[in-house]
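Pasted below: input-v7.cif, mmCIF, C-alpha atoms and all ligand atoms.
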data_target
loop_
_atom_site.label_atom_id
_atom_site.label_comp_id
_atom_site.auth_asym_id
_atom_site.auth_seq_id
_atom_site.Cartn_x
_atom_site.Cartn_y
_atom_site.Cartn_z
CA MET A 1 -16.21 125.07 -37.43
CA ARG A 2 -15.00 126.84 -40.57
CA GLU A 3 -16.91 129.95 -39.52
CA LEU A 4 -15.39 129.69 -36.09
CA PHE A 5 -11.94 129.39 -37.67
CA ALA A 6 -12.48 132.52 -39.74
CA GLY A 7 -13.75 134.31 -36.64
CA VAL A 8 -10.66 133.35 -34.64
CA PHE A 9 -7.89 133.62 -37.24
CA GLY A 10 -9.47 135.77 -39.94
CA PRO A 11 -10.98 134.79 -43.30
CA GLY A 12 -9.34 133.64 -46.53
CA GLY A 13 -6.73 131.13 -47.66
CA THR A 14 -6.99 127.38 -47.91
CA VAL A 15 -8.17 125.76 -44.70
CA ARG A 16 -7.58 122.02 -44.34
CA HIS A 17 -9.47 119.68 -42.05
CA PHE A 18 -8.11 116.70 -40.09
CA MET A 19 -9.73 114.26 -37.68
CA SER A 20 -8.17 111.99 -35.10
CA PRO A 21 -10.21 109.48 -33.09
CA GLY A 22 -10.10 108.58 -29.42
CA ARG A 23 -9.73 104.93 -28.57
CA VAL A 24 -11.24 102.39 -26.27
CA ASN A 25 -9.31 99.36 -25.14
CA ILE A 26 -11.58 96.31 -25.38
CA ILE A 27 -9.32 94.12 -23.25
CA GLY A 28 -5.60 93.85 -22.38
CA GLU A 29 -4.95 96.55 -19.81
CA HIS A 30 -1.52 97.67 -18.65
CA LEU A 31 0.08 95.17 -20.97
CA ASP A 32 1.59 97.52 -23.54
CA TYR A 33 4.67 98.24 -21.43
CA ASN A 34 4.97 94.58 -20.46
CA GLY A 35 5.38 93.08 -23.91
CA GLY A 36 1.83 91.71 -23.94
CA TYR A 37 -1.15 91.82 -26.28
CA VAL A 38 -3.66 94.66 -26.32
CA PHE A 39 -6.93 94.93 -28.22
CA PRO A 40 -8.00 98.55 -28.74
CA ALA A 41 -10.33 100.16 -31.27
CA ALA A 42 -10.58 103.73 -32.58
CA LEU A 43 -13.82 105.62 -31.89
CA SER A 44 -16.04 107.98 -33.82
CA LEU A 45 -15.54 110.47 -30.97
CA GLY A 46 -12.33 112.38 -31.47
CA ILE A 47 -10.54 115.64 -32.07
CA GLN A 48 -10.72 117.70 -35.25
CA ALA A 49 -8.31 120.34 -36.44
CA LEU A 50 -8.69 123.06 -39.02
CA VAL A 51 -5.41 124.44 -40.29
CA ARG A 52 -4.14 127.17 -42.58
CA TYR A 53 -0.45 127.19 -43.38
CA HIS A 54 1.52 130.39 -43.84
CA ASP A 55 5.08 131.68 -44.02
CA GLY A 56 6.72 132.91 -40.90
CA PRO A 57 7.82 131.23 -37.71
CA GLN A 58 4.62 131.24 -35.65
CA ILE A 59 2.27 128.36 -34.98
CA LYS A 60 -0.87 129.78 -33.45
CA MET A 61 -3.13 127.28 -31.71
CA ARG A 62 -6.61 127.64 -30.31
CA SER A 63 -8.98 125.12 -28.79
CA THR A 64 -12.74 125.61 -28.87
CA ALA A 65 -12.81 124.49 -25.24
CA TYR A 66 -10.41 127.10 -23.82
CA PRO A 67 -10.19 130.86 -24.11
CA ASP A 68 -6.62 131.78 -24.88
CA GLU A 69 -4.43 131.47 -27.92
CA ARG A 70 -1.14 129.60 -27.65
CA ILE A 71 1.78 130.55 -29.85
CA ILE A 72 4.81 128.43 -30.67
CA ASN A 73 7.69 130.30 -32.23
CA LEU A 74 9.67 127.90 -34.38
CA GLU A 75 12.78 130.05 -33.97
CA ASN A 76 12.83 129.44 -30.21
CA PRO A 77 13.39 126.17 -28.31
CA ILE A 78 10.09 124.36 -27.73
CA VAL A 79 9.77 123.24 -24.11
CA ASN A 80 7.10 121.84 -21.82
CA ASP A 81 5.91 124.79 -19.71
CA GLY A 82 5.03 122.50 -16.80
CA SER A 83 1.44 123.77 -16.60
CA GLY A 84 -0.20 120.50 -17.62
CA GLY A 85 -2.10 122.48 -20.29
CA TRP A 86 -3.38 120.89 -23.49
CA TRP A 87 -0.99 122.86 -25.70
CA ASN A 88 1.98 120.92 -24.36
CA TYR A 89 0.90 117.87 -26.38
CA PRO A 90 1.00 119.57 -29.79
CA ALA A 91 4.13 121.46 -28.68
CA GLY A 92 5.86 118.16 -27.86
CA VAL A 93 4.97 116.70 -31.24
CA ILE A 94 6.27 119.76 -33.10
CA ARG A 95 9.46 119.62 -31.04
CA HIS A 96 10.03 115.90 -31.74
CA LEU A 97 9.27 116.30 -35.46
CA THR A 98 11.68 119.24 -35.65
CA ASP A 99 14.35 117.28 -33.77
CA SER A 100 13.98 114.43 -36.23
CA GLY A 101 14.78 116.74 -39.12
CA HIS A 102 11.46 118.13 -40.34
CA GLY A 103 11.41 121.81 -41.20
CA PHE A 104 8.19 123.78 -40.80
CA THR A 105 6.76 127.18 -41.47
CA GLY A 106 3.90 128.67 -39.51
CA ALA A 107 0.28 127.62 -39.24
CA ASP A 108 -2.99 128.64 -37.61
CA ILE A 109 -4.64 125.65 -36.00
CA LEU A 110 -8.06 125.36 -34.38
CA PHE A 111 -8.75 122.21 -32.35
CA ASP A 112 -12.22 120.96 -31.44
CA SER A 113 -12.82 117.85 -29.35
CA SER A 114 -15.81 115.60 -28.81
CA LEU A 115 -13.80 113.42 -26.40
CA PRO A 116 -14.25 113.84 -22.70
CA GLU A 117 -10.84 114.93 -21.37
CA GLY A 118 -9.02 112.89 -18.74
CA ALA A 119 -11.57 110.10 -19.13
CA GLY A 120 -9.27 107.38 -20.38
CA LEU A 121 -10.35 107.61 -24.03
CA SER A 122 -6.94 108.90 -25.12
CA SER A 123 -7.58 112.53 -25.81
CA SER A 124 -3.83 113.05 -25.44
CA ALA A 125 -2.87 110.43 -28.04
CA ALA A 126 -5.57 111.85 -30.33
CA ILE A 127 -4.18 115.39 -30.22
CA GLU A 128 -0.60 114.13 -30.60
CA VAL A 129 -1.26 112.02 -33.68
CA LEU A 130 -3.51 114.75 -35.08
CA THR A 131 -0.78 117.38 -34.69
CA ALA A 132 1.73 115.13 -36.43
CA CYS A 133 -0.55 114.82 -39.48
CA VAL A 134 -1.36 118.52 -39.47
CA MET A 135 2.34 119.44 -39.38
CA LEU A 136 3.26 116.83 -42.01
CA ARG A 137 0.46 118.30 -44.15
CA GLY A 138 -1.46 115.15 -44.95
CA GLU A 139 -2.70 111.85 -43.61
CA PRO A 140 -0.09 109.08 -43.51
CA ALA A 141 0.53 107.43 -46.87
CA ASP A 142 0.49 103.87 -45.53
CA ASP A 143 0.59 101.74 -42.39
CA GLY A 144 4.38 102.06 -42.14
CA GLU A 145 4.05 105.83 -41.94
CA ARG A 146 1.17 105.52 -39.47
CA ILE A 147 3.30 103.36 -37.19
CA ARG A 148 6.25 105.77 -37.39
CA ILE A 149 3.93 108.59 -36.31
CA ALA A 150 2.53 106.48 -33.45
CA VAL A 151 6.04 105.72 -32.20
CA LEU A 152 7.09 109.38 -32.40
CA CYS A 153 3.98 110.43 -30.44
CA LYS A 154 4.60 107.78 -27.81
CA ASN A 155 8.11 109.19 -27.39
CA VAL A 156 6.59 112.64 -26.94
CA GLU A 157 4.44 111.28 -24.12
CA ASN A 158 7.44 109.54 -22.49
CA ARG A 159 10.05 112.25 -22.92
CA PHE A 160 8.26 115.57 -23.30
CA ILE A 161 5.15 114.99 -21.16
CA GLY A 162 6.72 112.57 -18.67
CA VAL A 163 4.18 109.72 -18.65
CA GLN A 164 5.89 106.37 -19.19
CA CYS A 165 2.99 104.99 -21.24
CA GLY A 166 3.19 102.19 -23.78
CA ILE A 167 2.38 102.36 -27.48
CA MET A 168 -1.28 101.24 -27.39
CA ASP A 169 -3.08 104.58 -27.51
CA GLN A 170 -1.04 106.23 -30.24
CA PHE A 171 -1.09 102.99 -32.25
CA ALA A 172 -4.86 102.66 -32.04
CA VAL A 173 -5.45 106.29 -32.95
CA ALA A 174 -3.09 106.12 -35.93
CA MET A 175 -4.01 102.62 -37.17
CA GLY A 176 -7.72 102.25 -36.35
CA LYS A 177 -10.12 100.87 -38.93
CA LYS A 178 -13.89 101.19 -39.06
CA ASP A 179 -15.64 98.21 -37.43
CA HIS A 180 -12.31 96.58 -36.51
CA ALA A 181 -10.31 96.28 -33.31
CA ILE A 182 -6.53 95.89 -33.45
CA LEU A 183 -4.77 92.94 -31.90
CA LEU A 184 -1.32 94.34 -31.18
CA LYS A 185 1.71 92.62 -29.68
CA SER A 186 3.23 95.54 -27.89
CA ASP A 187 6.92 94.59 -28.00
CA THR A 188 7.22 93.58 -31.67
CA LEU A 189 4.36 95.79 -32.95
CA ALA A 190 3.03 92.78 -34.89
CA TYR A 191 -0.65 93.55 -35.43
CA SER A 192 -3.80 92.37 -37.12
CA ARG A 193 -7.11 94.12 -37.57
CA VAL A 194 -9.94 91.90 -36.35
CA PRO A 195 -13.57 92.50 -37.39
CA PHE A 196 -15.35 93.81 -34.31
CA ASN A 197 -18.90 92.65 -34.60
CA LEU A 198 -21.10 92.44 -31.53
CA ASN A 199 -24.30 91.45 -33.37
CA ASP A 200 -27.21 92.04 -31.03
CA HIS A 201 -25.02 93.61 -28.34
CA SER A 202 -23.55 97.10 -27.98
CA LEU A 203 -20.44 98.38 -26.32
CA VAL A 204 -21.50 101.10 -23.90
CA ILE A 205 -18.75 103.48 -22.76
CA MET A 206 -19.37 104.85 -19.29
CA ASN A 207 -17.54 107.79 -17.81
CA THR A 208 -17.32 107.70 -14.00
CA ASN A 209 -16.71 111.45 -14.16
CA LYS A 210 -14.09 111.00 -11.54
CA PRO A 211 -11.09 112.99 -12.70
CA ARG A 212 -7.95 110.91 -12.93
CA LYS A 213 -5.85 112.98 -10.56
CA LEU A 214 -2.42 111.52 -9.83
CA SER A 215 -2.90 109.08 -12.65
CA GLY A 216 0.50 109.98 -14.13
CA SER A 217 2.47 109.21 -10.97
CA LYS A 218 0.46 106.09 -10.06
CA TYR A 219 0.84 104.90 -13.63
CA ASN A 220 4.61 105.33 -13.50
CA GLU A 221 4.61 103.52 -10.15
CA ARG A 222 2.88 100.45 -11.66
CA ARG A 223 5.34 100.46 -14.48
CA ALA A 224 8.27 100.52 -12.05
CA GLU A 225 6.74 97.63 -10.08
CA CYS A 226 6.48 95.58 -13.26
CA ASP A 227 10.11 96.35 -14.09
CA ARG A 228 11.10 95.10 -10.63
CA ALA A 229 9.06 91.91 -11.03
CA LEU A 230 10.71 91.33 -14.42
CA ALA A 231 14.18 91.86 -12.93
CA GLU A 232 13.44 89.37 -10.11
CA ILE A 233 12.13 86.67 -12.45
CA SER A 234 14.98 87.24 -14.89
CA LYS A 235 17.52 86.37 -12.18
CA ARG A 236 16.39 82.75 -12.56
CA ARG A 237 15.37 82.70 -16.21
CA PRO A 238 16.15 85.67 -18.44
CA ILE A 239 12.95 86.76 -20.19
CA GLY A 240 12.41 89.71 -22.51
CA SER A 241 9.20 90.99 -20.94
CA LEU A 242 6.95 90.31 -17.97
CA ALA A 243 4.19 88.92 -20.21
CA GLU A 244 6.50 85.96 -20.94
CA ALA A 245 6.65 84.85 -17.29
CA THR A 246 4.88 81.66 -16.22
CA MET A 247 2.44 81.44 -13.30
CA PRO A 248 4.79 79.19 -11.25
CA GLU A 249 7.59 81.76 -11.70
CA ILE A 250 5.25 84.49 -10.53
CA GLU A 251 4.08 82.59 -7.49
CA GLU A 252 7.73 82.33 -6.41
CA LEU A 253 8.10 86.11 -6.16
CA ALA A 254 8.68 86.94 -2.51
CA ASP A 255 7.09 90.40 -2.58
CA ASP A 256 3.29 90.24 -2.46
CA ILE A 257 2.81 93.46 -4.45
CA LEU A 258 5.15 92.36 -7.24
CA ARG A 259 3.49 88.95 -7.29
CA ARG A 260 0.04 90.47 -7.74
CA ARG A 261 1.15 92.93 -10.42
CA ALA A 262 2.82 90.14 -12.41
CA ARG A 263 -0.20 87.87 -11.95
CA HIS A 264 -2.41 90.49 -13.55
CA VAL A 265 -0.04 90.89 -16.48
CA VAL A 266 0.17 87.20 -17.29
CA SER A 267 -3.50 86.37 -16.68
CA GLU A 268 -4.67 89.43 -18.66
CA ASN A 269 -2.43 88.48 -21.56
CA SER A 270 -4.17 85.10 -21.90
CA ARG A 271 -7.55 86.80 -21.58
CA VAL A 272 -6.76 88.95 -24.62
CA LEU A 273 -5.98 85.98 -26.85
CA ALA A 274 -8.97 84.03 -25.54
CA SER A 275 -11.23 87.07 -26.15
CA VAL A 276 -10.16 87.39 -29.76
CA ASP A 277 -10.96 83.70 -30.32
CA LEU A 278 -14.33 84.01 -28.60
CA LEU A 279 -15.24 87.07 -30.64
CA LYS A 280 -14.30 85.26 -33.84
CA LYS A 281 -16.65 82.45 -32.77
CA ASN A 282 -19.28 84.99 -31.80
CA ASP A 283 -19.39 83.66 -28.25
CA LEU A 284 -20.32 86.93 -26.58
CA PRO A 285 -21.40 85.53 -23.20
CA SER A 286 -17.95 83.96 -22.64
CA PHE A 287 -16.23 87.11 -23.87
CA GLY A 288 -18.35 89.13 -21.43
CA MET A 289 -17.16 86.91 -18.60
CA LEU A 290 -13.54 87.58 -19.54
CA MET A 291 -14.23 91.33 -19.46
CA THR A 292 -15.52 91.00 -15.93
CA GLU A 293 -12.54 88.85 -14.91
CA SER A 294 -10.25 91.49 -16.37
CA HIS A 295 -11.85 94.10 -14.14
CA ARG A 296 -11.43 91.89 -11.07
CA SER A 297 -7.78 91.38 -11.85
CA LEU A 298 -7.25 95.13 -12.33
CA ARG A 299 -9.02 95.72 -9.02
CA ASP A 300 -7.52 92.99 -6.84
CA ASP A 301 -4.09 92.36 -8.35
CA TYR A 302 -3.16 95.52 -10.22
CA ASP A 303 -4.95 97.97 -7.91
CA VAL A 304 -5.85 100.61 -10.49
CA THR A 305 -9.64 100.74 -10.27
CA GLY A 306 -10.81 102.64 -7.19
CA PHE A 307 -14.22 103.25 -5.64
CA GLU A 308 -15.98 104.91 -8.59
CA LEU A 309 -14.87 102.45 -11.28
CA ASP A 310 -15.77 99.50 -9.05
CA ALA A 311 -19.16 101.03 -8.25
CA LEU A 312 -19.92 101.65 -11.92
CA VAL A 313 -18.86 98.17 -12.97
CA SER A 314 -20.95 96.50 -10.24
CA ALA A 315 -23.94 98.71 -11.02
CA SER A 316 -23.61 97.60 -14.66
CA MET A 317 -23.29 93.92 -13.82
CA ASP A 318 -26.38 94.12 -11.62
CA THR A 319 -28.43 95.61 -14.46
CA ASP A 320 -30.50 93.52 -16.85
CA GLY A 321 -28.99 93.09 -20.32
CA CYS A 322 -25.33 93.52 -19.29
CA ILE A 323 -23.12 90.47 -19.88
CA GLY A 324 -19.72 91.92 -19.02
CA ALA A 325 -18.09 95.13 -17.79
CA ARG A 326 -14.64 96.43 -17.01
CA MET A 327 -12.61 99.58 -16.61
CA THR A 328 -10.74 100.69 -19.72
CA GLY A 329 -7.53 102.68 -20.12
CA ALA A 330 -5.15 103.53 -17.31
CA GLY A 331 -7.75 103.38 -14.52
CA PHE A 332 -7.79 105.48 -11.30
CA GLY A 333 -11.09 106.96 -12.52
CA GLY A 334 -11.99 107.63 -16.12
CA CYS A 335 -14.10 105.22 -18.15
CA ALA A 336 -15.47 101.70 -17.98
CA ILE A 337 -17.15 99.72 -20.75
CA ALA A 338 -20.12 97.37 -20.66
CA LEU A 339 -21.37 94.79 -23.13
CA VAL A 340 -25.13 95.21 -23.24
CA LYS A 341 -27.96 93.64 -25.24
CA SER A 342 -28.73 96.31 -27.84
CA ASP A 343 -32.49 96.40 -27.25
CA LYS A 344 -31.87 96.99 -23.54
CA THR A 345 -29.30 99.78 -23.70
CA ASP A 346 -31.71 102.66 -22.94
CA LYS A 347 -33.05 100.93 -19.87
CA PHE A 348 -29.52 99.87 -18.93
CA ILE A 349 -28.23 103.43 -19.05
CA GLU A 350 -31.10 104.63 -16.91
CA SER A 351 -30.84 101.89 -14.26
CA ALA A 352 -27.05 101.52 -14.07
CA GLY A 353 -26.72 105.33 -14.05
CA ALA A 354 -29.19 105.60 -11.15
CA ALA A 355 -27.50 102.83 -9.15
CA TYR A 356 -24.06 104.41 -9.67
CA LYS A 357 -25.36 107.83 -8.65
CA LYS A 358 -26.83 106.33 -5.51
CA THR A 359 -23.54 104.72 -4.44
CA SER A 360 -21.08 107.39 -5.56
CA GLY A 361 -23.08 110.62 -5.61
CA ILE A 362 -21.79 111.25 -9.15
CA ALA A 363 -23.77 111.23 -12.40
CA ALA A 364 -22.02 109.09 -15.00
CA ASP A 365 -22.04 109.84 -18.74
CA PHE A 366 -22.82 107.11 -21.24
CA TYR A 367 -21.76 106.91 -24.87
CA ILE A 368 -22.60 104.44 -27.57
CA THR A 369 -20.16 105.22 -30.35
CA ASP A 370 -19.07 103.51 -33.51
CA VAL A 371 -15.69 101.93 -34.08
CA ALA A 372 -14.08 104.22 -36.62
CA ASP A 373 -11.03 104.80 -38.83
CA GLY A 374 -7.72 106.14 -37.56
CA VAL A 375 -6.41 109.66 -38.15
CA ARG A 376 -7.38 111.11 -41.52
CA GLU A 377 -7.73 114.23 -43.58
CA ILE A 378 -11.29 115.18 -44.41
CA PRO A 379 -11.41 116.45 -47.99
CA GLY A 380 -12.43 120.12 -48.32
CA GLN A 381 -15.91 121.10 -49.46
C1 LIG B 1 -2.89 104.43 -20.70
C2 LIG B 1 -1.57 104.38 -21.44
C3 LIG B 1 -1.46 103.14 -22.33
C4 LIG B 1 -1.82 101.88 -21.57
C5 LIG B 1 -3.09 102.05 -20.76
C6 LIG B 1 -3.37 100.88 -19.84
O1 LIG B 1 -3.93 104.60 -21.61
O2 LIG B 1 -1.39 105.54 -22.21
O3 LIG B 1 -0.18 103.08 -22.89
O4 LIG B 1 -0.75 101.46 -20.75
O5 LIG B 1 -3.08 103.22 -19.97
O6 LIG B 1 -3.63 99.74 -20.58
#

Using structure tokens, write down the structure that the file contains.
Amino acid sequence: MRELFAGVFGPGGTVRHFMSPGRVNIIGEHLDYNGGYVFPAALSLGIQALVRYHDGPQIKMRSTAYPDERIINLENPIVNDGSGGWWNYPAGVIRHLTDSGHGFTGADILFDSSLPEGAGLSSSAAIEVLTACVMLRGEPADDGERIRIAVLCKNVENRFIGVQCGIMDQFAVAMGKKDHAILLKSDTLAYSRVPFNLNDHSLVIMNTNKPRKLSGSKYNERRAECDRALAEISKRRPIGSLAEATMPEIEELADDILRRRARHVVSENSRVLASVDLLKKNDLPSFGMLMTESHRSLRDDYDVTGFELDALVSASMDTDGCIGARMTGAGFGGCAIALVKSDKTDKFIESAGAAYKKTSGIAADFYITDVADGVREIPGQ
């Protein structure tokens, strides 16, 4: 990549190297804007950046995946160009950092990603958090700094990009720890890092390869439905977030859609806490069952799965060695995960892949990746 950098931006100077992981959410979906618990982990797949700082007002950005160079001029207002292009994410981070009082000079930045884009593994959070560290010229000094960066990047997503996401992705990418998942309470940001040890099982990440078109607007629609359910329940008993509702309160909701959305939120929240306990006790079969229940709830109550994710999850469940499977991330396409006996993963990938292809006509991609550290600088050679 250093050769590539010199080829693109010219040789010389000090070039620094940063890495930001993607994330997978183990369980706890669509809870991070409902005050619930989530349980994500950072991945060894991610986005790297090489950077050389210089004087002058220009930030030149290139991605190894796309042909053209993107230039941000720090003397001009930084705005979202509405194209949906990747450069809007770093642009938004630079804008928010500048607005919060940071002063920058120019830089040449080359991005390179091993994360499938639009697959629900948080390539957007990865590039946001990565850009923050690149611009701040170092990895965060401590967890407090990591959390501040995560919150800033979430605000970029909400205000600059226009997706009303919660904090989970940016938090996981900034705070990840090798071989640990993070139990995060999304409203207070109380967190603990829990050893993530699957013993003789592996977590297989499976990309449906169905692009998540419309995911932004559908996502915002779910969020609005949850806000309405919260407002309804709060008329009788004021609660701070939908995750605090009780099942009897939810069953009293007159609107069927709101009732189902809220039911997912509350049932999923208890599944997260139960999963963490089961994993601590090493009870993988019961944890696998909760994964599968989570998928059912996302399919039947929350309505964010769709044909391809359902097909991939059933193909997985029908395959020998798999003890649990669910979609992960926002849904509407993207990735699912399966818990598979490690000595059966090769066969699993072959058989589940063939069954999914038969039903959907699409070839899925499979990844077995490690759980890795959060954003970091990689010391120069
Ligand atoms: C996306 C969002 C997250 C979270 C998940 C669903 O990844 O960015 O904030 O809401 O969907 O759990």

Item checked: 7 Å shell around ligand LIG 1 (chain B) using only C-alpha atoms and all ligand atoms, listed as a ChimeraX atom specification -> /A:28-33,120,122,165-169,329-330

Margin query: Env of A:Arg259: 10 Å cut, atoms = all atoms listed in the file, seq-sep filter 3 positions within chain, self excluded. Answer as a list of chain:residue names.
Written below: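 Counting all atoms listed in the file, the residues come to A:Glu225, A:Cys226, A:Ala229, A:Met247, A:Glu249, A:Ile250, A:Glu251, A:Glu252, A:Leu253, A:Ala254, A:Asp255, A:Asp256, A:Ala262, A:Arg263, A:His264, A:Asp301, A:Tyr302.
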
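Put simply, atom CA of A:Thr319 is 25.1 Å away from atom CA of A:Pro40.
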
Checklist line | Residues near A:Glu139, cut-off 6 Å, all atoms listed in the file, skip fewer than 2 positions along chain, as a PyMOL selection string | finding: chain A and resi 133+376-377

Notebook entry, point to check: Smallest atom-to-atom distance to A:Thr98: which of A:Ala65, A:Ala119, A:Leu110, A:Ala132, using all atoms listed in the file?
Noted result: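 Residue with the minimum atom-to-atom distance to A:Thr98: A:Ala132.
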
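One finds atom CA of A:Ser20 at 12.0 Å from atom CA of A:Pro140.
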
Check: Which is closest to A:Ser275 among A:Phe104, A:Glu232, A:Pro116, A:Phe196, if we use only C-alpha atoms?
Finding: A:Phe196
